[in-house]
Amino acid sequence: MVRRLAPNLACLLVLLGAGGCFDVRTVDPGPYILDDFDDGDLQPADPNFRPWWCHGFNPDTLANINCDHDTGDQSAFSLFLDATIVDPPDGTQQHGGASLGTDASAPEDFTRFSQFRFSAKLESGSPPIPSNALLYVELGCDGARAEDGSVPGDLYVVQGVDYKSYWQPFTLAMDSFNSPPWLATHIMGGPAGCLQRISNIRFTVDEQLPDGQSGRFVLDVDTISLQ
């Protein structure tokens, strides 16, 4: 599977023998609200995280992307990602899609949490996306070391979500996040080595478009918390 680099990568300059260029920020073990979007802006409730962004990938040049506020899951606001993706007709399936995410100013230690919670719905648009489109929660750890001692800057752990076209609450076990099978680089310390240094959080849709096809979806996300 072709994957993309996470945007706005954290500083990659690492002193010899050090784990990264930031001190890890700890968070009260919960309940911890990352964002419920009800303040009507794009700044997460945790001020350590920067405003929400969205982008397309594989390729990013043929994507029409928008993200903003929408009606929430029994709340005033949620955040939506509206994306139309085109797989160029080049004989290869590109696994194009789009992400909704936020970056941390300083890495946070999520190992003290046992659950990642949120509500979401994923609706197909026109042209429709394939029925086997994939939704992932990705927790990035740009400052984590790989097993070879390097700091490649694009490491993350992932968990798939069995979405519907209507609102559903999700509770993901933190110990079920794993390195994605399409990422050849392995994280030193395994998934826990990543969860100790979370630098970004992403909700990612891989449309599974066949070669030369296009598709549109709208992803809504609400009330993201950890416990």
# chains A, B, ... in the order shown; residues from 1 in each chain; ligands from 1
$ select_by_dssp --residues "region 159-205 of chain A" --states "alpha helix (DSSP H)" --output "MDAnalysis selection string"
chainID A and resid 190:195
$ residues_around --residues "region 121-126 of chain A" --least-positions-apart "3" --cutoff "6 Å" --atoms "only C-alpha atoms" --output "PyMOL selection string"
chain A and resi 129+164-167+216-220
$ residues_around --residues "Pro31 (chain A)" --least-positions-apart "3" --cutoff "12 Å" --atoms "only C-alpha atoms" --output "list of chain:residue names"
A:Val27, A:Asp28, A:Leu34, A:Asp35, A:Arg112, A:Phe113, A:Ser114, A:Gln115, A:Phe116, A:Arg117, A:Thr223, A:Ile224, A:Ser225, A:Leu226, A:Gln227
$ write_last_selection --atoms "N, CA and C atoms" --output "PDB file, in the first residue's frame"
ATOM      1  N   VAL A  27      -0.089  13.922  30.567  1.00  0.00           N
ATOM      2  CA  VAL A  27      -1.472  14.389  30.650  1.00  0.00           C
ATOM      3  C   VAL A  27      -2.158  13.663  31.792  1.00  0.00           C
ATOM      4  N   ASP A  28      -3.011  14.374  32.522  1.00  0.00           N
ATOM      5  CA  ASP A  28      -3.804  13.748  33.570  1.00  0.00           C
ATOM      6  C   ASP A  28      -4.511  12.533  32.982  1.00  0.00           C
ATOM      7  N   LEU A  34      -9.814  15.765  24.314  1.00  0.00           N
ATOM      8  CA  LEU A  34      -8.977  16.425  23.320  1.00  0.00           C
ATOM      9  C   LEU A  34      -9.746  17.561  22.658  1.00  0.00           C
ATOM     10  N   ASP A  35     -11.009  17.271  22.253  1.00  0.00           N
ATOM     11  CA  ASP A  35     -11.856  18.308  21.660  1.00  0.00           C
ATOM     12  C   ASP A  35     -13.280  17.789  21.542  1.00  0.00           C
ATOM     13  N   ARG A 112      -0.507   6.186  29.598  1.00  0.00           N
ATOM     14  CA  ARG A 112      -1.303   6.081  30.823  1.00  0.00           C
ATOM     15  C   ARG A 112      -2.788   5.931  30.560  1.00  0.00           C
ATOM     16  N   PHE A 113      -3.208   6.076  29.317  1.00  0.00           N
ATOM     17  CA  PHE A 113      -4.610   5.897  28.963  1.00  0.00           C
ATOM     18  C   PHE A 113      -4.858   4.485  28.461  1.00  0.00           C
ATOM     19  N   SER A 114      -6.086   3.995  28.660  1.00  0.00           N
ATOM     20  CA  SER A 114      -6.453   2.660  28.182  1.00  0.00           C
ATOM     21  C   SER A 114      -7.433   2.699  27.024  1.00  0.00           C
ATOM     22  N   GLN A 115      -8.082   3.856  26.785  1.00  0.00           N
ATOM     23  CA  GLN A 115      -9.112   3.933  25.744  1.00  0.00           C
ATOM     24  C   GLN A 115      -9.014   5.245  24.967  1.00  0.00           C
ATOM     25  N   PHE A 116      -9.287   5.147  23.669  1.00  0.00           N
ATOM     26  CA  PHE A 116      -9.420   6.313  22.792  1.00  0.00           C
ATOM     27  C   PHE A 116     -10.869   6.342  22.332  1.00  0.00           C
ATOM     28  N   ARG A 117     -11.598   7.420  22.649  1.00  0.00           N
ATOM     29  CA  ARG A 117     -13.031   7.474  22.396  1.00  0.00           C
ATOM     30  C   ARG A 117     -13.395   8.631  21.473  1.00  0.00           C
ATOM     31  N   THR A 223     -16.452  14.768  19.717  1.00  0.00           N
ATOM     32  CA  THR A 223     -16.143  14.430  21.106  1.00  0.00           C
ATOM     33  C   THR A 223     -15.038  13.377  21.230  1.00  0.00           C
ATOM     34  N   ILE A 224     -13.820  13.818  21.031  1.00  0.00           N
ATOM     35  CA  ILE A 224     -12.647  12.951  21.096  1.00  0.00           C
ATOM     36  C   ILE A 224     -12.062  13.026  22.509  1.00  0.00           C
ATOM     37  N   SER A 225     -11.945  11.868  23.159  1.00  0.00           N
ATOM     38  CA  SER A 225     -11.438  11.845  24.527  1.00  0.00           C
ATOM     39  C   SER A 225     -10.621  10.594  24.758  1.00  0.00           C
ATOM     40  N   LEU A 226      -9.831  10.595  25.842  1.00  0.00           N
ATOM     41  CA  LEU A 226      -9.068   9.430  26.250  1.00  0.00           C
ATOM     42  C   LEU A 226      -9.328   9.174  27.719  1.00  0.00           C
ATOM     43  N   GLN A 227      -9.339   7.894  28.073  1.00  0.00           N
ATOM     44  CA  GLN A 227      -9.539   7.505  29.483  1.00  0.00           C
ATOM     45  C   GLN A 227      -8.578   6.396  29.849  1.00  0.00           C
TER      46      GLN A 227
END
$ closest_residue --among "A:Glu138, A:Asp87, A:Asp73, A:Asp38" --to "Asn200 (chain A)" --atoms "only C-alpha atoms"
A:Glu138
$ residues_around --residues "region 210-213 of chain A" --least-positions-apart "4" --cutoff "6 Å" --atoms "only C-alpha atoms" --output "ChimeraX atom specification"
/A:87-89,92-93
$ residues_around --residues "Ala133 (chain A)" --least-positions-apart "2" --cutoff "8 Å" --atoms "only C-alpha atoms" --output "list in words"
Ile129, Pro130, Ser131, Leu135, Val205, Asp206, Glu207, Gln208 and Leu209 of chain A
$ write_last_selection --atoms "C-alpha atoms" --output "JSON list (two decimals), in the first residue's frame"
[["chain", "number", "residue", "atom", "x", "y", "z"],
["A", 129, "ILE", "CA", -16.63, 5.84, -2.85],
["A", 130, "PRO", "CA", -16.16, 2.04, -2.93],
["A", 131, "SER", "CA", -17.99, 0.05, -0.26],
["A", 135, "LEU", "CA", -11.25, 4.52, 8.02],
["A", 205, "VAL", "CA", -9.90, 7.62, 4.92],
["A", 206, "ASP", "CA", -8.39, 5.42, 2.22],
["A", 207, "GLU", "CA", -11.06, 5.42, -0.49],
["A", 208, "GLN", "CA", -9.77, 2.19, -2.10],
["A", 209, "LEU", "CA", -10.42, 3.76, -5.51]]
